[in-house]
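Structure file my_file24.txt with compact mmCIF, C-alpha atoms:
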# COMPACT_ATOMS: atom_id res chain seq x y z
CA MET A 1 -40.33 7.91 184.75
CA ASN A 2 -38.76 6.32 187.85
CA GLU A 3 -42.03 4.42 188.29
CA CYS A 4 -42.11 3.06 184.73
CA THR A 5 -44.01 -0.23 184.45
CA HIS A 6 -42.71 -0.82 180.90
CA ASP A 7 -46.32 -1.15 179.73
CA CYS A 8 -46.64 1.52 177.03
CA SER A 9 -50.35 0.82 176.58
CA SER A 10 -51.09 2.33 180.00
CA CYS A 11 -48.69 5.28 179.73
CA SER A 12 -48.98 8.73 178.12
CA GLN A 13 -45.31 9.74 178.39
CA ASN A 14 -43.29 10.33 175.19
CA CYS A 15 -40.16 8.50 176.30
CA SER A 16 -37.49 6.99 174.06
CA SER A 17 -39.18 3.59 174.23
CA ARG A 18 -42.19 5.09 172.50
CA THR A 19 -40.63 7.65 170.17
CA GLY A 20 -37.55 5.70 168.99
CA PRO A 21 -37.48 3.98 165.59
CA GLN A 22 -39.69 0.91 165.58
CA SER A 23 -38.20 -2.41 164.47
CA PHE A 24 -40.40 -4.87 162.60
CA LEU A 25 -37.86 -7.70 162.84
CA LYS A 26 -39.43 -10.97 163.91
CA PRO A 27 -37.62 -13.18 166.43
CA LEU A 28 -36.15 -16.42 165.22
CA ASN A 29 -37.42 -19.58 166.88
CA PRO A 30 -35.44 -19.84 170.16
CA TYR A 31 -34.23 -23.30 169.18
CA SER A 32 -32.99 -22.12 165.76
CA SER A 33 -29.70 -20.64 164.62
CA VAL A 34 -29.17 -18.69 161.40
CA LYS A 35 -25.99 -16.66 160.92
CA LYS A 36 -26.41 -14.94 157.52
CA VAL A 37 -29.53 -14.28 155.43
CA VAL A 38 -29.29 -13.53 151.70
CA ALA A 39 -32.33 -12.47 149.66
CA VAL A 40 -32.39 -13.35 145.95
CA VAL A 41 -34.54 -10.72 144.23
CA SER A 42 -35.61 -9.23 140.92
CA GLY A 43 -37.85 -6.42 139.73
CA LYS A 44 -39.85 -8.83 137.54
CA GLY A 45 -40.73 -12.49 137.25
CA GLY A 46 -39.38 -15.16 134.95
CA VAL A 47 -35.70 -14.26 135.20
CA GLY A 48 -34.55 -17.30 137.17
CA LYS A 49 -34.50 -16.29 140.86
CA SER A 50 -35.31 -19.81 142.00
CA LEU A 51 -32.55 -21.26 139.83
CA VAL A 52 -29.99 -18.80 141.17
CA THR A 53 -31.17 -19.42 144.74
CA SER A 54 -30.82 -23.18 144.29
CA LEU A 55 -27.41 -22.94 142.63
CA LEU A 56 -26.00 -20.57 145.26
CA ALA A 57 -27.29 -22.67 148.14
CA SER A 58 -25.94 -25.87 146.57
CA GLU A 59 -22.53 -24.34 145.85
CA MET A 60 -22.15 -22.95 149.37
CA GLN A 61 -23.20 -26.32 150.80
CA ARG A 62 -20.49 -27.99 148.69
CA ARG A 63 -17.96 -25.59 150.18
CA GLY A 64 -18.67 -26.97 153.62
CA TYR A 65 -21.21 -24.47 154.93
CA ARG A 66 -24.57 -25.41 156.40
CA CYS A 67 -27.18 -23.84 154.16
CA ALA A 68 -30.93 -23.44 153.98
CA VAL A 69 -33.53 -22.17 151.52
CA LEU A 70 -36.65 -20.31 152.63
CA ASP A 71 -39.04 -20.26 149.68
CA ALA A 72 -40.87 -16.94 150.01
CA ASP A 73 -42.54 -17.26 146.61
CA ILE A 74 -45.77 -18.56 148.12
CA THR A 75 -47.92 -18.41 144.99
CA GLY A 76 -45.26 -19.80 142.65
CA PRO A 77 -43.07 -22.18 144.65
CA SER A 78 -40.55 -24.14 142.59
CA ILE A 79 -37.76 -24.84 145.08
CA PRO A 80 -38.98 -28.31 146.19
CA LYS A 81 -39.13 -29.60 142.62
CA SER A 82 -35.63 -28.30 141.86
CA PHE A 83 -34.26 -30.32 144.78
CA GLY A 84 -36.39 -33.38 144.08
CA ILE A 85 -38.30 -33.08 147.35
CA THR A 86 -41.52 -35.07 147.40
CA GLN A 87 -42.18 -35.57 151.13
CA HIS A 88 -44.11 -33.18 153.35
CA ALA A 89 -42.66 -31.15 156.19
CA ALA A 90 -43.28 -32.57 159.65
CA GLY A 91 -44.00 -30.64 162.81
CA THR A 92 -44.28 -30.74 166.58
CA ASP A 93 -46.19 -28.66 169.11
CA GLN A 94 -43.29 -26.20 169.14
CA PHE A 95 -42.13 -25.83 165.53
CA LEU A 96 -42.16 -26.99 161.93
CA LEU A 97 -39.28 -29.12 160.70
CA PRO A 98 -37.70 -28.24 157.33
CA VAL A 99 -37.14 -30.99 154.79
CA THR A 100 -33.50 -31.94 154.29
CA THR A 101 -32.11 -32.58 150.81
CA GLN A 102 -29.56 -35.21 149.79
CA SER A 103 -26.65 -32.87 150.52
CA GLY A 104 -28.07 -31.73 153.86
CA LEU A 105 -29.67 -28.45 152.76
CA GLN A 106 -32.67 -27.43 154.87
CA VAL A 107 -35.71 -26.33 152.84
CA MET A 108 -39.10 -24.87 153.73
CA SER A 109 -41.73 -24.07 151.11
CA ILE A 110 -45.50 -23.81 151.02
CA ASN A 111 -45.55 -26.86 148.74
CA LEU A 112 -44.14 -28.92 151.61
CA ILE A 113 -47.23 -28.34 153.72
CA LEU A 114 -49.94 -28.41 151.06
CA GLU A 115 -51.76 -31.71 150.59
CA ASN A 116 -51.24 -31.48 146.83
CA GLU A 117 -48.34 -29.56 145.27
CA THR A 118 -50.57 -28.44 142.37
CA GLU A 119 -53.09 -26.91 144.75
CA PRO A 120 -53.23 -23.14 144.05
CA VAL A 121 -52.55 -20.71 146.88
CA VAL A 122 -55.41 -18.23 146.48
CA TRP A 123 -54.63 -15.97 149.40
CA ARG A 124 -54.62 -12.22 149.88
CA GLY A 125 -51.36 -10.35 150.39
CA PRO A 126 -51.39 -10.09 154.21
CA VAL A 127 -52.03 -13.83 154.57
CA ILE A 128 -49.19 -14.66 152.17
CA ALA A 129 -46.86 -12.29 154.02
CA GLY A 130 -47.86 -13.91 157.29
CA ALA A 131 -46.96 -17.35 155.96
CA VAL A 132 -43.48 -16.14 155.00
CA THR A 133 -42.98 -14.68 158.47
CA GLN A 134 -44.00 -18.00 160.01
CA PHE A 135 -41.39 -19.80 157.91
CA TRP A 136 -38.86 -17.66 159.78
CA THR A 137 -40.33 -17.74 163.29
CA ASP A 138 -41.94 -21.19 163.48
CA VAL A 139 -39.45 -23.42 161.65
CA LEU A 140 -36.58 -25.18 163.40
CA TRP A 141 -33.55 -24.00 161.40
CA GLN A 142 -30.60 -25.96 162.75
CA ASP A 143 -27.13 -24.37 162.78
CA VAL A 144 -27.53 -22.56 159.45
CA ASP A 145 -24.55 -20.59 158.15
CA TYR A 146 -26.25 -19.14 155.06
CA MET A 147 -29.99 -18.93 154.51
CA PHE A 148 -31.11 -18.05 150.99
CA VAL A 149 -34.56 -16.49 150.61
CA ASP A 150 -36.15 -17.07 147.21
CA MET A 151 -38.19 -13.90 146.86
CA PRO A 152 -41.32 -13.36 144.76
CA PRO A 153 -40.94 -10.82 141.95
CA GLY A 154 -41.52 -7.11 142.35
CA THR A 155 -41.75 -4.82 145.36
CA GLY A 156 -45.11 -5.72 146.88
CA ASP A 157 -46.35 -7.06 150.23
CA VAL A 158 -44.17 -10.16 150.50
CA PRO A 159 -40.80 -8.60 149.54
CA LEU A 160 -41.53 -5.74 151.94
CA THR A 161 -42.41 -8.21 154.69
CA VAL A 162 -39.18 -10.16 154.14
CA PHE A 163 -37.04 -7.02 154.23
CA GLN A 164 -38.74 -5.74 157.38
CA SER A 165 -39.19 -9.02 159.26
CA LEU A 166 -35.97 -10.91 158.52
CA PRO A 167 -32.43 -9.66 159.29
CA ILE A 168 -31.34 -9.57 155.65
CA ASP A 169 -27.54 -9.27 155.38
CA GLY A 170 -27.41 -8.72 151.63
CA VAL A 171 -29.20 -8.98 148.31
CA VAL A 172 -28.33 -10.78 145.08
CA ILE A 173 -30.20 -9.35 142.08
CA VAL A 174 -31.13 -11.61 139.17
CA THR A 175 -31.70 -10.21 135.70
CA THR A 176 -31.49 -11.06 131.97
CA PRO A 177 -29.84 -9.38 128.95
CA GLN A 178 -32.95 -7.66 127.51
CA ASP A 179 -33.16 -3.89 127.13
CA LEU A 180 -35.44 -3.51 130.16
CA VAL A 181 -32.66 -4.81 132.41
CA SER A 182 -31.84 -1.34 133.75
CA MET A 183 -35.41 -0.86 134.94
CA ILE A 184 -35.45 -4.31 136.57
CA VAL A 185 -32.21 -3.70 138.42
CA ALA A 186 -33.23 -0.16 139.38
CA LYS A 187 -36.37 -1.39 141.12
CA ALA A 188 -34.45 -3.99 143.11
CA VAL A 189 -31.59 -1.63 143.96
CA ASN A 190 -33.95 1.13 145.07
CA MET A 191 -35.94 -1.20 147.31
CA ALA A 192 -32.75 -2.57 148.88
CA GLY A 193 -31.63 1.02 149.45
CA MET A 194 -34.90 1.94 151.13
CA MET A 195 -34.45 -1.03 153.46
CA ASN A 196 -30.76 -0.22 154.10
CA VAL A 197 -29.66 -3.62 152.80
CA PRO A 198 -26.45 -3.88 150.72
CA VAL A 199 -26.53 -5.27 147.17
CA LEU A 200 -23.88 -7.97 147.00
CA GLY A 201 -23.96 -8.52 143.25
CA ILE A 202 -25.92 -9.18 140.07
CA VAL A 203 -26.43 -12.49 138.30
CA GLU A 204 -27.32 -12.24 134.62
CA ASN A 205 -29.26 -15.38 133.76
CA MET A 206 -29.68 -16.64 130.16
CA SER A 207 -26.69 -14.49 129.29
CA TYR A 208 -25.49 -16.56 126.32
CA PHE A 209 -25.68 -19.96 124.63
CA ARG A 210 -22.59 -22.05 124.01
CA CYS A 211 -22.93 -24.07 120.80
CA PRO A 212 -22.10 -27.74 121.42
CA ASP A 213 -20.92 -28.15 117.81
CA CYS A 214 -18.65 -25.17 117.15
CA GLY A 215 -17.98 -24.13 120.76
CA GLY A 216 -18.87 -20.52 119.97
CA THR A 217 -21.12 -18.39 122.17
CA HIS A 218 -24.29 -16.71 120.94
CA SER A 219 -26.24 -13.89 122.61
CA VAL A 220 -29.76 -15.24 122.12
CA PHE A 221 -31.45 -12.42 124.04
CA GLY A 222 -29.08 -9.64 122.98
CA GLU A 223 -25.65 -8.61 124.09
CA SER A 224 -24.90 -8.74 127.79
CA LYS A 225 -25.51 -5.50 129.67
CA VAL A 226 -24.68 -6.66 133.18
CA ALA A 227 -21.23 -5.02 133.33
CA SER A 228 -22.49 -1.58 132.33
CA VAL A 229 -25.56 -1.85 134.56
CA ALA A 230 -23.46 -2.92 137.54
CA GLU A 231 -21.17 0.05 136.97
CA ALA A 232 -24.10 2.43 136.63
CA PHE A 233 -25.52 1.39 140.00
CA GLY A 234 -22.18 1.09 141.75
CA ILE A 235 -22.44 -2.68 142.18
CA GLY A 236 -18.99 -4.20 142.31
CA HIS A 237 -19.67 -7.84 141.48
CA PHE A 238 -21.55 -9.76 138.80
CA CYS A 239 -21.56 -13.08 137.01
CA LYS A 240 -23.23 -14.59 133.95
CA LEU A 241 -25.16 -17.84 133.62
CA PRO A 242 -25.56 -19.45 130.19
CA ILE A 243 -28.61 -21.03 128.60
CA ASP A 244 -27.83 -24.69 129.19
CA PRO A 245 -30.34 -27.44 128.29
CA ALA A 246 -28.39 -29.88 130.47
CA VAL A 247 -28.92 -27.68 133.53
CA SER A 248 -32.62 -27.32 132.71
CA ALA A 249 -32.94 -31.10 132.48
CA MET A 250 -31.21 -31.61 135.83
CA VAL A 251 -33.42 -29.03 137.54
CA ASP A 252 -36.55 -30.61 136.05
CA ALA A 253 -35.36 -33.97 137.38
CA GLY A 254 -34.87 -32.54 140.88
CA GLU A 255 -31.09 -32.77 140.66
CA VAL A 256 -30.07 -29.12 141.02
CA GLU A 257 -27.53 -30.10 143.68
CA SER A 258 -25.63 -32.04 141.00
CA VAL A 259 -25.27 -29.03 138.69
CA PRO A 260 -21.56 -28.05 138.52
CA GLY A 261 -20.94 -24.84 140.41
CA GLY A 262 -18.45 -23.24 138.03
CA GLU A 263 -20.78 -20.64 136.53
CA ILE A 264 -22.20 -19.45 139.86
CA ALA A 265 -18.84 -19.69 141.66
CA PRO A 266 -17.93 -15.96 141.27
CA MET A 267 -21.07 -14.94 143.16
CA ALA A 268 -20.48 -17.63 145.78
CA ASP A 269 -16.98 -16.19 146.24
CA VAL A 270 -18.52 -12.78 146.93
CA LEU A 271 -20.82 -14.22 149.59
CA GLU A 272 -18.00 -16.17 151.20
CA ASN A 273 -15.70 -13.15 151.34
CA THR A 274 -18.27 -10.46 152.17
CA LEU A 275 -20.52 -12.28 154.62
CA LYS A 276 -17.90 -14.23 156.50
CA ILE A 277 -18.99 -16.88 158.95
CA GLU A 278 -17.47 -16.44 162.37
CA GLU A 279 -16.99 -19.76 164.10

Entire entry expressed as C-alpha cells:
Amino acid sequence: MNECTHDCSSCSQNCSSRTGPQSFLKPLNPYSSVKKVVAVVSGKGGVGKSLVTSLLASEMQRRGYRCAVLDADITGPSIPKSFGITQHAAGTDQFLLPVTTQSGLQVMSINLILENETEPVVWRGPVIAGAVTQFWTDVLWQDVDYMFVDMPPGTGDVPLTVFQSLPIDGVVIVTTPQDLVSMIVAKAVNMAGMMNVPVLGIVENMSYFRCPDCGGTHSVFGESKVASVAEAFGIGHFCKLPIDPAVSAMVDAGEVESVPGGEIAPMADVLENTLKIEE
C-alpha cells in the first residue's frame, strides 16, 4: 500500500478507499456558492409543492437572504410561470446562467431552456435525473443562502437522484387535509429517513377557506389533520395555507413574489432558525 497510485481501476487491494461507503454527491460548479439546500416534497402530485416552494423562496428573499429555486419537476415545470419568467436561460462555455426574478431570486427550470414552454418533455427516467443533476453542477449559482428544490411527486428516479446527488439539508413536506394525508406524509418521511435527511416541517395546503362575506372559515376538503399527523411522525413544526382565489390569481399572473408572506411565515421561521446562515 506504500506504492499506492490512487488508481483503483488498476488495483486489487481491498483498502478503505475501495470498501468505504460510496458518496453519490455531485460537486457544485467551482464558481458557484450554495449554503443551504431545502427540498420541498410530497408523496403524491397536485398538493401544491410548487406553490409552497415559490412562497418560501419569496419570503426568505424578503427577509434579506439570497435565494434560488431549482425546478426538479422536469415533466411538469410550473416555477417559471409563477414568477412571471418569459426569457430563456443564457449560457457560456463553462456554465448555464439562471434567470433572475424581479426580487433577485435565481431560477433554473427546464422550461427556461426549451424553445417552447408547452413542448412536452418525453424523456426516460435516467435522462430526466441527469438533467436535474446538471442543474446543480452546470449552473452558476451566485452566493445563494437558501436553495429550494421543487421536487416531482413520489419516490422515483428523480427524487432519489436529488437526495443522493445534492447535499440536502432538510425537507419540507406538502400535504392536504384529505384522509389519505397520513399515507402521503408517511411516504415522504420514510424516504427522507432512508436518505438521512431531517424533516423540517409540514405545510398543509388548501387547509381551509375564509369566507369574504362572513369572515368565517370552512374546511372544504375536511377537517385539518396536520397537527395529529405531525405528532404521529414526530415532526415538530407545521403551518396551514388557505384556499385563496387572490393568491391563485397572482400566481397565474406570474406575481407570486407579491403574495403576502404571513401564511407561510411560520415555516420560514423554522428554516431561518434551524438552518442558520453563517456569514

- Task: Considering all atoms listed in the file, return as a PyMOL selection string whatever protein or nucleic-acid residues lie within 6 Å of region 228-243 of chain A, sequence-local ones (same chain, fewer than 4 positions apart) excluded.
- Result: chain A and resi 201-209+263

- Message: When you count all atoms listed in the file, which of these residues is closest to Thr176 (chain A): A:Pro245, A:Gly104, A:Gly261, A:Gly222?
- Response: A:Gly222

Per-residue nearest contacts of region 25-139 of chain A to region 177-196 of chain A (7 Å; only C-alpha atoms) as CSV:
residue,atom,partner,partner_atom,distance
A:Val41,CA,A:Ala188,CA,6.8
A:Ser42,CA,A:Ala188,CA,5.8
A:Gly43,CA,A:Ile184,CA,4.5
A:Lys44,CA,A:Ile184,CA,6.4

Around the point (-29.4, -16.5, 140.1), in the coordinates given by the file, pick out the residues reaching within 7 Å, counting all atoms listed in the file, and return them as a short mmCIF file (atom, residue, chain, number, x, y, z; two decimals) with C-alpha atoms, keeping the file's coordinate frame.
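Saved as result28.cif:
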data_model
loop_
_atom_site.label_atom_id
_atom_site.label_comp_id
_atom_site.auth_asym_id
_atom_site.auth_seq_id
_atom_site.Cartn_x
_atom_site.Cartn_y
_atom_site.Cartn_z
CA GLY A 48 -34.55 -17.30 137.17
CA LYS A 49 -34.50 -16.29 140.86
CA LEU A 51 -32.55 -21.26 139.83
CA VAL A 52 -29.99 -18.80 141.17
CA THR A 53 -31.17 -19.42 144.74
CA VAL A 174 -31.13 -11.61 139.17
CA VAL A 203 -26.43 -12.49 138.30
CA ASN A 205 -29.26 -15.38 133.76
#

- Query: Any idea what the distance is between CA of Asp150 (chain A) and CA of Gly45 (chain A)?
  - Reply: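 CA of Gly45 (chain A) lies at a distance of 11.9 Å from CA of Asp150 (chain A).
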
- Have a look at A:Ser103, A:Gln94, A:Ser248, A:Gln142 and name the one nearest to Ser82 (chain A); count all atoms listed in the file.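 Smallest distance to Ser82 (chain A) is found for A:Ser248.
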
- For the point (-31.8, -23.7, 163.3) in file coordinates, what residues are within 9 Å, counting only C-alpha atoms? Give the answer as a ChimeraX atom specification? /A:28-34,139-144

Hey, can you spit out that residue selection with C-alpha atoms as a PDB file, keeping the file's coordinate frame?
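Output (again.pdb):
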ATOM      1  CA  LEU A  28     -36.150 -16.420 165.220  1.00  0.00           C
ATOM      2  CA  ASN A  29     -37.420 -19.580 166.880  1.00  0.00           C
ATOM      3  CA  PRO A  30     -35.440 -19.840 170.160  1.00  0.00           C
ATOM      4  CA  TYR A  31     -34.230 -23.300 169.180  1.00  0.00           C
ATOM      5  CA  SER A  32     -32.990 -22.120 165.760  1.00  0.00           C
ATOM      6  CA  SER A  33     -29.700 -20.640 164.620  1.00  0.00           C
ATOM      7  CA  VAL A  34     -29.170 -18.690 161.400  1.00  0.00           C
ATOM      8  CA  VAL A 139     -39.450 -23.420 161.650  1.00  0.00           C
ATOM      9  CA  LEU A 140     -36.580 -25.180 163.400  1.00  0.00           C
ATOM     10  CA  TRP A 141     -33.550 -24.000 161.400  1.00  0.00           C
ATOM     11  CA  GLN A 142     -30.600 -25.960 162.750  1.00  0.00           C
ATOM     12  CA  ASP A 143     -27.130 -24.370 162.780  1.00  0.00           C
ATOM     13  CA  VAL A 144     -27.530 -22.560 159.450  1.00  0.00           C
TER      14      VAL A 144
END

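We find CA of Val259 (chain A) and CA of Leu55 (chain A) to be spaced 7.6 Å apart.
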
- Query: What does the distance from CA of Gln102 (chain A) to CA of Thr133 (chain A) come to in Å, to one decimal?
  - Reply: 26.0 Å

- Task: Compile the contact shell of Ile110 (chain A) as a ChimeraX atom specification: residues with an atom at most 10 Å away, counting all atoms listed in the file, same-chain residues fewer than 6 positions apart removed.
- Result: /A:70-80,88-89,117,121,128,131-132,135

- Identify which of the residues A:Thr100, A:Gln61, A:Thr137, A:Thr175 lies closest to Val162 (chain A), counting only C-alpha atoms when measuring atom-to-atom distances.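 Of A:Thr100, A:Gln61, A:Thr137, A:Thr175, the one nearest Val162 (chain A) is A:Thr137, counting only C-alpha atoms.
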